[in-house]
Every structure is written in C-alpha cells, then in structure tokens.
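Enquirer: start_0.cif is the file, holding mmCIF, C-alpha atoms:
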data_query
loop_
_atom_site.label_atom_id
_atom_site.label_comp_id
_atom_site.auth_asym_id
_atom_site.auth_seq_id
_atom_site.Cartn_x
_atom_site.Cartn_y
_atom_site.Cartn_z
CA MET I 1 191.27 46.50 34.33
CA ILE I 2 188.91 48.52 32.20
CA GLU I 3 185.34 48.64 33.38
CA VAL I 4 182.79 48.94 30.57
CA GLU I 5 179.56 49.93 32.21
CA ILE I 6 176.14 51.13 31.12
CA LYS I 7 173.65 52.65 33.49
CA VAL I 8 169.96 53.36 32.84
CA ARG I 9 167.22 54.71 35.02
CA ILE I 10 164.27 52.35 35.51
CA SER I 11 160.88 53.05 37.04
CA ASN I 12 159.74 49.51 37.78
CA PRO I 13 162.31 47.18 39.40
CA GLU I 14 159.79 44.34 39.77
CA LEU I 15 159.15 44.33 36.02
CA MET I 16 162.92 44.25 35.46
CA ARG I 17 163.27 41.21 37.75
CA ILE I 18 160.67 39.41 35.64
CA LYS I 19 162.51 40.35 32.43
CA PHE I 20 165.82 39.18 33.96
CA LYS I 21 164.28 35.82 34.82
CA LYS I 22 162.77 35.49 31.34
CA ASN I 23 166.24 35.99 29.88
CA GLN I 24 167.95 33.36 32.06
CA GLY I 25 169.43 35.89 34.46
CA VAL I 26 170.74 34.15 37.58
CA TYR I 27 170.37 35.97 40.88
CA LYS I 28 173.75 35.77 42.66
CA PHE I 29 173.40 37.91 45.79
CA SER I 30 172.36 41.27 47.14
CA LEU I 31 174.63 44.05 48.30
CA VAL I 32 174.48 47.15 50.40
CA HIS I 33 177.33 49.43 49.47
CA GLU I 34 178.30 52.41 51.57
CA ASP I 35 180.65 54.35 49.38
CA THR I 36 182.70 57.28 50.61
CA TYR I 37 184.29 59.42 47.93
CA PHE I 38 187.43 61.47 48.40
CA ASN I 39 188.96 64.34 46.48
CA MET I 40 192.70 65.04 46.19
CA PRO I 41 194.47 67.08 48.88
CA LYS I 42 194.13 70.86 48.56
CA GLY I 43 196.64 72.34 46.14
CA LEU I 44 196.51 69.34 43.82
CA ARG I 45 194.12 68.47 41.02
CA ASP I 46 190.34 68.43 41.52
CA PHE I 47 188.73 65.06 40.73
CA LYS I 48 185.51 66.84 39.78
CA GLN I 49 187.44 68.52 36.97
CA THR I 50 189.58 65.52 36.00
CA ASP I 51 186.66 63.06 36.19
CA GLU I 52 188.54 60.68 38.49
CA ALA I 53 187.31 59.07 41.69
CA LEU I 54 188.84 57.65 44.84
CA ARG I 55 186.38 55.55 46.79
CA LEU I 56 186.27 53.64 50.06
CA ARG I 57 183.57 50.99 50.05
CA LYS I 58 181.92 49.05 52.81
CA SER I 59 180.23 46.12 51.11
CA LEU I 60 177.65 44.02 52.89
CA LYS I 61 176.75 40.94 50.89
CA PHE I 62 173.75 38.70 51.56
CA ASN I 63 171.39 36.32 49.83
CA ILE I 64 167.69 37.17 49.95
CA ASN I 65 166.90 33.46 49.83
CA GLU I 66 169.03 32.61 52.84
CA ASP I 67 169.17 33.42 56.49
CA LYS I 68 170.39 36.98 57.05
CA LYS I 69 173.06 35.65 59.40
CA ASP I 70 175.27 34.87 56.43
CA GLU I 71 176.11 38.51 55.93
CA ASP I 72 179.55 39.04 54.59
CA ILE I 73 181.29 42.38 55.06
CA GLU I 74 184.25 43.47 52.98
CA TYR I 75 186.07 46.75 52.46
CA PHE I 76 187.52 48.05 49.23
CA LEU I 77 189.72 50.89 48.07
CA THR I 78 189.02 51.85 44.47
CA TYR I 79 190.49 54.31 42.02
CA LYS I 80 188.57 55.13 38.86
CA GLY I 81 190.17 56.94 35.95
CA LYS I 82 188.41 59.44 33.75
CA LYS I 83 185.78 58.10 31.36
CA ILE I 84 187.22 57.14 28.00
CA ASP I 85 183.91 56.97 26.17
CA ILE I 86 180.99 59.38 26.15
CA SER I 87 177.99 57.09 25.69
CA THR I 88 178.98 54.64 28.45
CA LYS I 89 180.89 54.76 31.73
CA THR I 90 184.00 52.99 30.41
CA ARG I 91 187.02 53.78 32.57
CA GLU I 92 190.12 52.34 34.18
CA GLU I 93 189.42 50.82 37.55
CA ILE I 94 191.87 49.68 40.23
CA ASP I 95 190.15 47.91 43.05
CA LEU I 96 191.57 46.11 46.08
CA ILE I 97 190.29 44.59 49.28
CA ILE I 98 191.51 46.25 52.45
CA GLU I 99 191.36 44.93 55.99
CA ASP I 100 189.83 47.90 57.72
CA LEU I 101 187.78 50.92 56.70
CA GLU I 102 188.42 53.23 59.64
CA LYS I 103 192.20 52.81 59.47
CA MET I 104 192.18 53.55 55.73
CA LYS I 105 189.97 56.61 56.30
CA LYS I 106 192.39 57.82 58.94
CA ILE I 107 195.38 57.41 56.63
CA LEU I 108 193.59 59.21 53.75
CA ASN I 109 192.63 62.01 56.12
CA ILE I 110 196.20 62.44 57.42
CA LEU I 111 197.51 62.46 53.84
CA GLY I 112 195.14 65.35 53.10
CA PHE I 113 192.46 63.64 51.03
CA GLN I 114 189.15 65.45 51.36
CA LYS I 115 185.98 63.51 52.05
CA VAL I 116 183.27 64.45 49.56
CA LEU I 117 180.27 62.37 50.62
CA THR I 118 179.02 58.92 51.55
CA VAL I 119 176.44 57.24 49.33
CA LYS I 120 174.35 54.19 50.11
CA LYS I 121 173.45 51.82 47.27
CA GLU I 122 171.13 48.83 47.58
CA ARG I 123 171.88 46.35 44.84
CA GLU I 124 170.90 42.95 43.47
CA LEU I 125 173.46 41.20 41.32
CA TYR I 126 172.44 38.96 38.42
CA GLU I 127 174.60 37.10 35.94
CA PHE I 128 173.82 36.41 32.32
CA GLU I 129 175.49 34.38 29.62
CA PHE I 130 174.92 36.35 26.44
CA LYS I 131 176.64 35.66 23.11
CA ASN I 132 179.49 33.92 24.98
CA TYR I 133 179.97 36.90 27.27
CA SER I 134 179.53 36.78 31.03
CA ILE I 135 177.59 39.92 31.85
CA GLU I 136 176.90 41.24 35.31
CA ALA I 137 173.70 43.20 35.79
CA LEU I 138 172.72 45.08 38.91
CA ILE I 139 169.32 46.36 39.94
CA ASP I 140 170.25 49.35 42.07
CA TYR I 141 168.26 51.54 44.41
CA LEU I 142 169.75 54.80 45.62
CA PRO I 143 167.82 56.07 48.65
CA ILE I 144 169.31 59.56 48.33
CA LEU I 145 168.01 59.84 44.73
CA LYS I 146 164.87 57.80 45.48
CA GLN I 147 165.44 56.09 42.13
CA HIS I 148 166.10 52.66 40.69
CA PHE I 149 168.70 51.97 38.04
CA ILE I 150 170.18 49.03 36.29
CA GLU I 151 173.87 48.80 35.64
CA VAL I 152 175.34 46.28 33.25
CA GLU I 153 179.03 45.72 33.38
CA TYR I 154 181.81 43.92 31.62
CA LEU I 155 185.46 43.92 32.69
CA THR I 156 188.22 43.71 30.12
CA ASP I 157 191.98 44.14 30.23
CA SER I 158 192.31 45.20 26.63
CA LEU I 159 191.56 48.60 25.09
CA GLU I 160 190.80 46.88 21.78
CA LYS I 161 187.87 45.05 23.30
CA ILE I 162 186.06 48.14 24.58
CA GLU I 163 184.02 48.84 21.47
CA GLU I 164 183.01 45.22 21.05
CA SER I 165 182.06 44.98 24.75
CA GLN I 166 179.94 48.12 24.51
CA LYS I 167 178.11 46.73 21.50
CA ILE I 168 177.42 43.47 23.32
CA LEU I 169 176.11 45.33 26.37
CA PHE I 170 173.80 47.50 24.26
CA ASP I 171 172.56 44.40 22.40
CA PHE I 172 171.92 42.79 25.76
CA LEU I 173 169.99 45.83 27.03
CA ASN I 174 167.97 45.82 23.82
CA LEU I 175 166.76 42.38 24.84
CA LEU I 176 165.33 43.97 27.98
CA GLY I 177 163.63 46.69 25.96
CA ILE I 178 166.21 49.35 26.81
CA LYS I 179 167.50 51.67 24.10
CA LYS I 180 171.02 53.07 23.68
CA GLU I 181 169.72 56.63 24.15
CA GLU I 182 168.65 55.80 27.68
CA SER I 183 172.25 55.26 28.80
CA ILE I 184 173.40 57.67 31.49
CA SER I 185 177.11 58.36 31.29
CA LYS I 186 177.16 60.17 34.62
CA SER I 187 178.36 58.37 37.72
CA TYR I 188 176.16 58.07 40.79
CA LEU I 189 178.48 60.56 42.48
CA GLU I 190 177.83 63.06 39.67
CA LEU I 191 174.07 62.47 39.75
CA ILE I 192 174.03 63.04 43.49
CA THR I 193 176.27 66.11 43.56
CA GLU I 194 174.05 67.64 40.84
CA LYS I 195 170.97 66.95 42.91
CA ILE I 196 172.23 68.16 46.26
CA ASN I 197 174.25 70.91 44.57
CA ILE I 198 177.72 70.53 46.11
CA MET B 199 198.03 52.69 68.14
CA ILE B 200 201.26 54.10 69.46
CA GLU B 201 204.36 52.11 68.71
CA VAL B 202 207.06 52.37 71.38
CA GLU B 203 210.19 51.01 69.81
CA ILE B 204 213.87 50.88 70.65
CA LYS B 205 216.52 49.95 68.14
CA VAL B 206 220.18 49.12 68.81
CA ARG B 207 223.00 48.04 66.55
CA ILE B 208 224.49 44.64 67.40
CA SER B 209 227.63 43.02 66.06
CA ASN B 210 226.97 39.39 67.00
CA PRO B 211 223.46 38.06 66.25
CA GLU B 212 224.36 34.53 67.34
CA LEU B 213 225.35 35.80 70.80
CA MET B 214 222.02 37.65 70.96
CA ARG B 215 220.09 34.47 70.12
CA ILE B 216 221.82 32.76 73.04
CA LYS B 217 220.95 35.66 75.36
CA PHE B 218 217.35 35.59 74.13
CA LYS B 219 217.09 31.88 74.92
CA LYS B 220 218.67 32.39 78.35
CA ASN B 221 215.97 34.98 79.12
CA GLN B 222 213.02 32.77 78.09
CA GLY B 223 212.61 34.40 74.70
CA VAL B 224 210.32 32.33 72.47
CA TYR B 225 211.12 32.23 68.77
CA LYS B 226 207.86 32.85 66.90
CA PHE B 227 208.77 33.06 63.22
CA SER B 228 211.09 34.70 60.70
CA LEU B 229 210.19 37.43 58.26
CA VAL B 230 211.50 38.92 55.08
CA HIS B 231 210.12 42.40 54.67
CA GLU B 232 210.36 44.31 51.42
CA ASP B 233 209.39 47.83 52.36
CA THR B 234 208.76 50.54 49.81
CA TYR B 235 208.60 54.07 51.18
CA PHE B 236 206.69 56.90 49.57
CA ASN B 237 206.83 60.65 49.93
CA MET B 238 203.86 63.00 49.51
CA PRO B 239 202.93 64.29 46.04
CA LYS B 240 204.98 67.25 44.81
CA GLY B 241 203.66 70.56 46.10
CA LEU B 242 202.69 69.10 49.46
CA ARG B 243 204.71 68.51 52.60
CA ASP B 244 207.98 66.57 52.56
CA PHE B 245 207.97 63.51 54.84
CA LYS B 246 211.74 63.88 55.29
CA GLN B 247 211.08 67.23 56.95
CA THR B 248 207.93 66.24 58.84
CA ASP B 249 209.39 62.91 59.99
CA GLU B 250 206.41 60.92 58.73
CA ALA B 251 206.44 57.75 56.65
CA LEU B 252 204.11 56.00 54.23
CA ARG B 253 205.12 52.43 53.60
CA LEU B 254 204.00 49.51 51.45
CA ARG B 255 205.21 46.21 52.86
CA LYS B 256 205.51 42.77 51.34
CA SER B 257 205.86 40.40 54.28
CA LEU B 258 207.02 36.84 53.82
CA LYS B 259 206.64 34.84 57.00
CA PHE B 260 208.21 31.46 57.64
CA ASN B 261 209.41 29.25 60.44
CA ILE B 262 213.06 28.18 60.36
CA ASN B 263 212.11 24.94 62.13
CA GLU B 264 209.50 23.96 59.56
CA ASP B 265 209.34 23.11 55.92
CA LYS B 266 209.81 26.23 53.79
CA LYS B 267 206.58 25.44 51.96
CA ASP B 268 204.59 27.07 54.72
CA GLU B 269 205.58 30.53 53.56
CA ASP B 270 202.91 33.06 54.16
CA ILE B 271 202.83 36.29 52.15
CA GLU B 272 200.92 39.35 53.27
CA TYR B 273 200.84 42.97 52.18
CA PHE B 274 200.48 46.00 54.41
CA LEU B 275 199.94 49.72 54.04
CA THR B 276 201.38 51.67 56.97
CA TYR B 277 201.44 55.30 57.99
CA LYS B 278 203.85 56.40 60.71
CA GLY B 279 203.56 59.77 62.41
CA LYS B 280 206.47 61.86 63.54
CA LYS B 281 208.46 60.63 66.52
CA ILE B 282 207.09 61.91 69.80
CA ASP B 283 210.15 61.06 71.88
CA ILE B 284 213.83 61.63 71.18
CA SER B 285 215.51 58.67 72.87
CA THR B 286 213.24 56.04 71.29
CA LYS B 287 211.26 55.64 68.10
CA THR B 288 207.85 56.16 69.70
CA ARG B 289 205.28 57.26 67.11
CA GLU B 290 201.71 56.83 65.94
CA GLU B 291 201.29 53.90 63.61
CA ILE B 292 198.31 53.00 61.41
CA ASP B 293 198.75 49.64 59.77
CA LEU B 294 196.35 47.61 57.63
CA ILE B 295 196.45 44.49 55.51
CA ILE B 296 195.79 45.03 51.81
CA GLU B 297 194.94 42.44 49.20
CA ASP B 298 197.47 43.35 46.56
CA LEU B 299 200.75 45.26 46.43
CA GLU B 300 200.92 46.14 42.75
CA LYS B 301 197.40 47.58 42.70
CA MET B 302 198.14 49.73 45.75
CA LYS B 303 201.42 50.90 44.20
CA LYS B 304 199.54 51.85 41.04
CA ILE B 305 196.95 53.84 43.00
CA LEU B 306 199.65 55.66 45.03
CA ASN B 307 201.51 56.43 41.82
CA ILE B 308 198.40 57.83 40.09
CA LEU B 309 197.64 59.95 43.17
CA GLY B 310 201.12 61.47 42.88
CA PHE B 311 202.93 59.78 45.76
CA GLN B 312 206.64 59.58 45.06
CA LYS B 313 208.50 56.33 45.56
CA VAL B 314 211.60 56.90 47.70
CA LEU B 315 213.23 53.47 47.91
CA THR B 316 212.66 49.78 48.65
CA VAL B 317 214.44 48.23 51.63
CA LYS B 318 214.83 44.54 52.41
CA LYS B 319 214.84 43.46 56.05
CA GLU B 320 215.52 39.93 57.26
CA ARG B 321 214.04 39.45 60.70
CA GLU B 322 213.51 36.91 63.46
CA LEU B 323 210.69 37.57 65.88
CA TYR B 324 210.90 36.55 69.55
CA GLU B 325 208.41 37.08 72.32
CA PHE B 326 209.17 37.72 75.97
CA GLU B 327 207.08 37.98 79.07
CA PHE B 328 208.83 40.60 81.17
CA LYS B 329 207.37 42.22 84.30
CA ASN B 330 203.85 41.36 83.06
CA TYR B 331 204.52 42.97 79.69
CA SER B 332 204.43 41.11 76.38
CA ILE B 333 207.46 42.38 74.54
CA GLU B 334 208.32 41.65 70.93
CA ALA B 335 211.98 41.58 70.01
CA LEU B 336 213.35 41.29 66.50
CA ILE B 337 216.83 40.36 65.38
CA ASP B 338 217.14 42.23 62.11
CA TYR B 339 219.64 42.09 59.28
CA LEU B 340 219.64 44.84 56.69
CA PRO B 341 221.59 43.69 53.62
CA ILE B 342 221.87 47.27 52.30
CA LEU B 343 223.56 48.39 55.55
CA LYS B 344 225.37 45.05 56.05
CA GLN B 345 224.43 45.36 59.74
CA HIS B 346 222.45 43.56 62.40
CA PHE B 347 220.11 45.29 64.82
CA ILE B 348 217.65 44.38 67.48
CA GLU B 349 214.36 46.13 67.78
CA VAL B 350 212.18 45.80 70.85
CA GLU B 351 208.63 46.97 70.57
CA TYR B 352 205.55 47.54 72.64
CA LEU B 353 202.20 48.72 71.30
CA THR B 354 199.95 50.88 73.43
CA ASP B 355 196.81 52.85 72.76
CA SER B 356 197.38 55.35 75.54
CA LEU B 357 199.71 58.32 75.58
CA GLU B 358 199.98 58.00 79.37
CA LYS B 359 201.61 54.61 79.04
CA ILE B 360 204.46 55.71 76.78
CA GLU B 361 206.92 56.64 79.52
CA GLU B 362 206.23 53.49 81.50
CA SER B 363 206.58 51.34 78.36
CA GLN B 364 209.88 52.96 77.48
CA LYS B 365 211.20 52.29 80.97
CA ILE B 366 210.14 48.65 80.75
CA LEU B 367 211.82 48.25 77.36
CA PHE B 368 215.08 49.82 78.60
CA ASP B 369 214.97 47.56 81.70
CA PHE B 370 214.47 44.61 79.39
CA LEU B 371 217.40 45.61 77.18
CA ASN B 372 219.54 46.02 80.28
CA LEU B 373 218.93 42.34 80.94
CA LEU B 374 220.58 41.63 77.56
CA GLY B 375 223.55 43.85 78.42
CA ILE B 376 222.36 46.76 76.28
CA LYS B 377 222.55 50.31 77.64
CA LYS B 378 220.10 53.19 77.07
CA GLU B 379 222.83 55.21 75.30
CA GLU B 380 223.01 52.60 72.55
CA SER B 381 219.44 53.34 71.42
CA ILE B 382 219.22 54.65 67.87
CA SER B 383 216.27 56.96 67.38
CA LYS B 384 216.68 57.01 63.60
CA SER B 385 214.47 54.83 61.45
CA TYR B 386 215.94 52.32 59.01
CA LEU B 387 214.84 54.62 56.22
CA GLU B 388 216.84 57.47 57.77
CA LEU B 389 219.92 55.29 58.34
CA ILE B 390 219.79 54.15 54.73
CA THR B 391 219.16 57.54 53.15
CA GLU B 392 222.12 58.90 55.19
CA LYS B 393 224.33 56.10 53.92
CA ILE B 394 223.39 56.24 50.26
CA ASN B 395 223.00 60.01 50.43
CA ILE B 396 219.59 60.62 48.86
#
For this file, produce the structure as structure tokens.

Expert:
Amino acid sequence: MIEVEIKVRISNPELMRIKFKKNQGVYKFSLVHEDTYFNMPKGLRDFKQTDEALRLRKSLKFNINEDKKDEDIEYFLTYKGKKIDISTKTREEIDLIIEDLEKMKKILNILGFQKVLTVKKERELYEFEFKNYSIEALIDYLPILKQHFIEVEYLTDSLEKIEESQKILFDFLNLLGIKKEESISKSYLELITEKINI
Amino acid sequence: MIEVEIKVRISNPELMRIKFKKNQGVYKFSLVHEDTYFNMPKGLRDFKQTDEALRLRKSLKFNINEDKKDEDIEYFLTYKGKKIDISTKTREEIDLIIEDLEKMKKILNILGFQKVLTVKKERELYEFEFKNYSIEALIDYLPILKQHFIEVEYLTDSLEKIEESQKILFDFLNLLGIKKEESISKSYLELITEKINI
C-alpha cells in the first residue's frame, strides 16, 4: 500500500476537536503507540540516508467514552519506504500484525538490526467522509516533543491516485483552516532525532 | 526456548503408527508446512557457515478424522540458533505467529534477506506422556527427499535440562525400537541442500 499522509503542528488540540466535530468527524478510538525504530545491520545501508524506516509498534487501543478495561493491545512490524513526494509524507508502507513484541525484538537483534529509539505517541483517531473519500485524521501528542500534531491519512494501492489523494487531503485541511504551507514532510522520528541530536 | 529434537529416518510409516498407538501415542492433528528459508543479506554472515536459520512458515493444520473444511492456516516467523549438541538437533528457537506471509516476505526481501528455498513437509503430530514428560512426535514425509522421518521434540527454557531431556527422548525412541546411532543431527534444510547440491 501507499500511505499518503500530511502532518501539521497544532497549538490547540481542544480547538481542533471542536472543528472536527463541526465537520462531522467521528471519534473512533484513542491509541497509545510505543514505536521502536531500527536501523539496518552495520555494513549495510543507513536508513537515515535512504529515508526508510523499520518499526516495531506496541499499540494500545481504548475508547475514552468506555471503561478502560476494554484496552486492546496489538503488535505490528512495519517497513516504510523512502518518501516519494516532498510536500507530504507519501511513501510505501508494509504493515503486519505480529504475535509478540519481545520475540520479534530478539530476532531483529540477533539478525544485527540496530535499535535507534523508542517513541511514545498519544493519539485520537477520527474518521471523516469528505468528497466520497474516507479520511482518517489523528490528533497526536508526542510527550518527547511536548507538541500536538494532526495527521491526516489516506491509503491507496495505486501510484496514479497519489496526486488526487494529496489534493483531497489538502482541501480537507483547508476546511479546518490549515494551509498547505504548514505541512511538515518530516517523520516523527526525524523531528525527534533533530531535537535530541542523535 | 531451547528446542531439543531428535530426527530419524524411517522406511515404514504405517508400522510406526502402529507402534505409536501401542505406546499410548495420541494423534493430535496433521500439518502441511511450506517452509521458506532465508539467508542473511549479502556482506553479512552466511547462515550455512554459522548453522543458523531464518524461516517463514505457512502451516495448514487439519484433522484426518474430521471434515477437511476445518483447515486452519497460520503463518510463523522462526529464528533457529546454531546447534549446541552434536548427537541431536538441540538449538535456540524463537518462533512467533505473523498475520501475513506475503507482507513478511516483501519486508525480508527489501531488507536484503536472500531466499534459499521452499520445502514442503507433510506431518502427523502425536503426543506421548513418558516418564512424566510431554513429548511431541511427528511422522514426517518430505516429498522432495521422497523419505519419511520421525522427529521427537521437547521444549525447555533451561540449559541445565538439555542433557536430561535428550536422555528421555532417546529412552522414548528406544521404546519404538530406534537406536541412538540412528539420530540425524542435520536439519531438513541441510539434507535437502546436500541432495540438490546448492
């Protein structure tokens, strides 16, 4: 799949929730993601140079309107290819559920993959129907950056649809008062490594 | 976990089924395994030299006594460390269920892992209670080798228990008329690569 994604920094998440509601955004659930990034084994290519990512995710899903007991934990292994567009975060993504995080970590470690860092993301997922597109929008908080963001995302399996999807996403953001220039093409991993200088 | 495993070649699987029954072996289910082995990316160590293995498994499980509709398909990623004993196939094993085979193959391919070969194994799993041990025994047929084998296996998490487990397994095999000298310490992958000379 190709993930077409736009990220913008926001200062007021509560205001954004109000705007989401006003635009028929449906709250689906909240997530806490603990994402551990890996680089290739020594002697092979450097993902920082090639703009790829290999990620192990622990995903805790819950609904703020329900009892916390309904927490749902899943684990994912994800590969992300280099960005194929400069104004957005469009890239190939291969994502699969795995049974166990520690076992996968152990295998990656034995195979020589180098742990880069673990990032916590607190997220609220909303869904919108916009111009016949199903758009997912996340209000994210990254404790390590002490900043809120929104990410809007559309998944497509066709390269031809990228440009159209990007246009739709920017139109959608416009509705929320967000301009194209505000789009951050850097990944959270890049923003964090810049900040903590690794 | 540490997998203590003994493999022997057998010529008559039907005779073995009778011996299993005579010794209170309980048929659990049958399996068709399609195992794809990978080697490390070029420039890194060679698993053929280091005696390690990275395996993607498609496992189709069914019961010969039930309707075939109850087939159950699962996928596994498995790492096996080098053998830590010469008379058996005792080695570290890390094994986890994954959601999707093709996605995992694609990730391994992008990361540079080299596909070695795919091997089909037709197996029947039996369980025995023997001297307070739960022992798993498989009657295997490998179409590519045109040969039957039995594999007996015991999983332990302690290095101290290896020797004791091996003794128990050899005692168990003795019950079936199989001698210690018949144990093959080579893996199926090794037996096959020897035969087809890759």

Enquirer: Considering all atoms listed in the file, extract the chain I residues located within 8 Å of chain B and return them as a list in words.

Expert: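 Applying the cut-off to the listed atoms yields Met40, Gly43, Leu44, Tyr79, Ile94, Asp95, Leu96, Ile97, Ile98, Glu99, Asp100, Lys103, Met104, Ile107 and Leu111 of chain I.
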
Enquirer: Tell me which residues the PyMOL selection byres ((chain B and resi 354) around 8) grabs here, as a ChimeraX atom specification.

Expert: /B:199-202,352-353,355-357,359-360

Enquirer: If we count only C-alpha atoms, what is near Gln147 in chain I at a cut-off of 9 Å, once residues fewer than 3 positions away on the same chain are taken out, given as a list of chain:residue names?

Expert: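 Returned residues: I:Arg9, I:Ile10, I:Ser11, I:Asp140, I:Tyr141, I:Leu142, I:Pro143, I:Ile144.
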
Enquirer: Considering all atoms listed in the file, state which residue in the set I:Tyr188, I:Phe113, I:Phe29, I:Tyr126 is at the smallest distance from Glu153 in chain I.

Expert: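 Selected residue with least distance to Glu153 in chain I: I:Tyr126.
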
Enquirer: When distances are computed from all atoms listed in the file, which of B:Ser385, B:Lys318, B:Gln364, B:Arg215 shows the smallest separation from Ala251 in chain B?

Expert: B:Ser385

Enquirer: From the set I:Leu125, I:Gln114, I:Asp85, I:Leu176, which residue has the shortest atom-to-atom contact distance to Asp46 in chain I, counting only C-alpha atoms?

Expert: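 Closest to Asp46 in chain I, using only C-alpha atoms: I:Gln114.
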
Enquirer: Using Å and a single decimal, report how far CA of Lys19 in chain I sits from CA of Ala137 in chain I.

Expert: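 Computed distance, CA of Ala137 in chain I to CA of Lys19 in chain I, equals 12.0 Å.
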
Enquirer: Tell me which protein, DNA and RNA residues are within 7 Å of Phe128 in chain I, counting only C-alpha atoms, leaving out same-chain ones fewer than 4 positions away, and put them as number ranges by chain.

Expert: I: 24-26, 134-136

Enquirer: Take the selection from the previous step and output its residues with C-alpha atoms, as a PDB file, in the frame of the given file.

Expert:
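Output (again_1.pdb):
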ATOM      1  CA  GLN I  24     167.950  33.360  32.060  1.00  0.00           C
ATOM      2  CA  GLY I  25     169.430  35.890  34.460  1.00  0.00           C
ATOM      3  CA  VAL I  26     170.740  34.150  37.580  1.00  0.00           C
ATOM      4  CA  SER I 134     179.530  36.780  31.030  1.00  0.00           C
ATOM      5  CA  ILE I 135     177.590  39.920  31.850  1.00  0.00           C
ATOM      6  CA  GLU I 136     176.900  41.240  35.310  1.00  0.00           C
TER       7      GLU I 136
END

Enquirer: Could you get me a file of range 32-45 of chain I with N, CA, C and O atoms, as a tab-separated table (two decimals), in the first residue's frame, taken from the block above?

Expert:
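This went into part-v2.tsv:
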chain	number	residue	atom	x	y	z
I	32	VAL	N	-2.39	4.53	22.26
I	32	VAL	CA	-1.04	4.87	22.72
I	32	VAL	C	-0.09	3.96	21.94
I	32	VAL	O	-0.18	2.73	22.04
I	33	HIS	N	0.75	4.58	21.15
I	33	HIS	CA	1.71	3.81	20.37
I	33	HIS	C	3.09	3.93	20.99
I	33	HIS	O	3.55	5.04	21.27
I	34	GLU	N	3.73	2.80	21.20
I	34	GLU	CA	5.14	2.82	21.59
I	34	GLU	C	5.92	2.23	20.43
I	34	GLU	O	5.87	1.02	20.18
I	35	ASP	N	6.59	3.11	19.72
I	35	ASP	CA	7.23	2.73	18.47
I	35	ASP	C	8.74	2.65	18.63
I	35	ASP	O	9.38	3.62	19.03
I	36	THR	N	9.30	1.49	18.32
I	36	THR	CA	10.75	1.34	18.37
I	36	THR	C	11.26	1.23	16.94
I	36	THR	O	10.79	0.41	16.16
I	37	TYR	N	12.20	2.12	16.63
I	37	TYR	CA	12.76	2.16	15.27
I	37	TYR	C	14.10	1.45	15.23
I	37	TYR	O	14.89	1.53	16.17
I	38	PHE	N	14.33	0.79	14.11
I	38	PHE	CA	15.59	0.05	13.92
I	38	PHE	C	16.28	0.54	12.65
I	38	PHE	O	15.64	0.92	11.69
I	39	ASN	N	17.61	0.48	12.70
I	39	ASN	CA	18.40	0.73	11.50
I	39	ASN	C	18.96	-0.60	11.02
I	39	ASN	O	18.98	-1.59	11.75
I	40	MET	N	19.41	-0.63	9.76
I	40	MET	CA	19.97	-1.84	9.17
I	40	MET	C	21.20	-2.30	9.96
I	40	MET	O	21.83	-1.51	10.66
I	41	PRO	N	21.56	-3.58	9.81
I	41	PRO	CA	22.80	-4.06	10.44
I	41	PRO	C	24.01	-3.27	9.92
I	41	PRO	O	23.99	-2.79	8.78
I	42	LYS	N	25.02	-3.17	10.77
I	42	LYS	CA	26.27	-2.48	10.39
I	42	LYS	C	26.84	-3.08	9.11
I	42	LYS	O	26.84	-4.29	8.95
I	43	GLY	N	27.34	-2.23	8.23
I	43	GLY	CA	27.92	-2.72	6.98
I	43	GLY	C	26.94	-2.64	5.83
I	43	GLY	O	27.32	-2.76	4.68
I	44	LEU	N	25.66	-2.44	6.17
I	44	LEU	CA	24.65	-2.29	5.12
I	44	LEU	C	24.19	-0.82	5.08
I	44	LEU	O	24.73	0.03	5.77
I	45	ARG	N	23.17	-0.55	4.29
I	45	ARG	CA	22.76	0.84	4.11
I	45	ARG	C	22.23	1.45	5.41
I	45	ARG	O	21.77	0.74	6.31
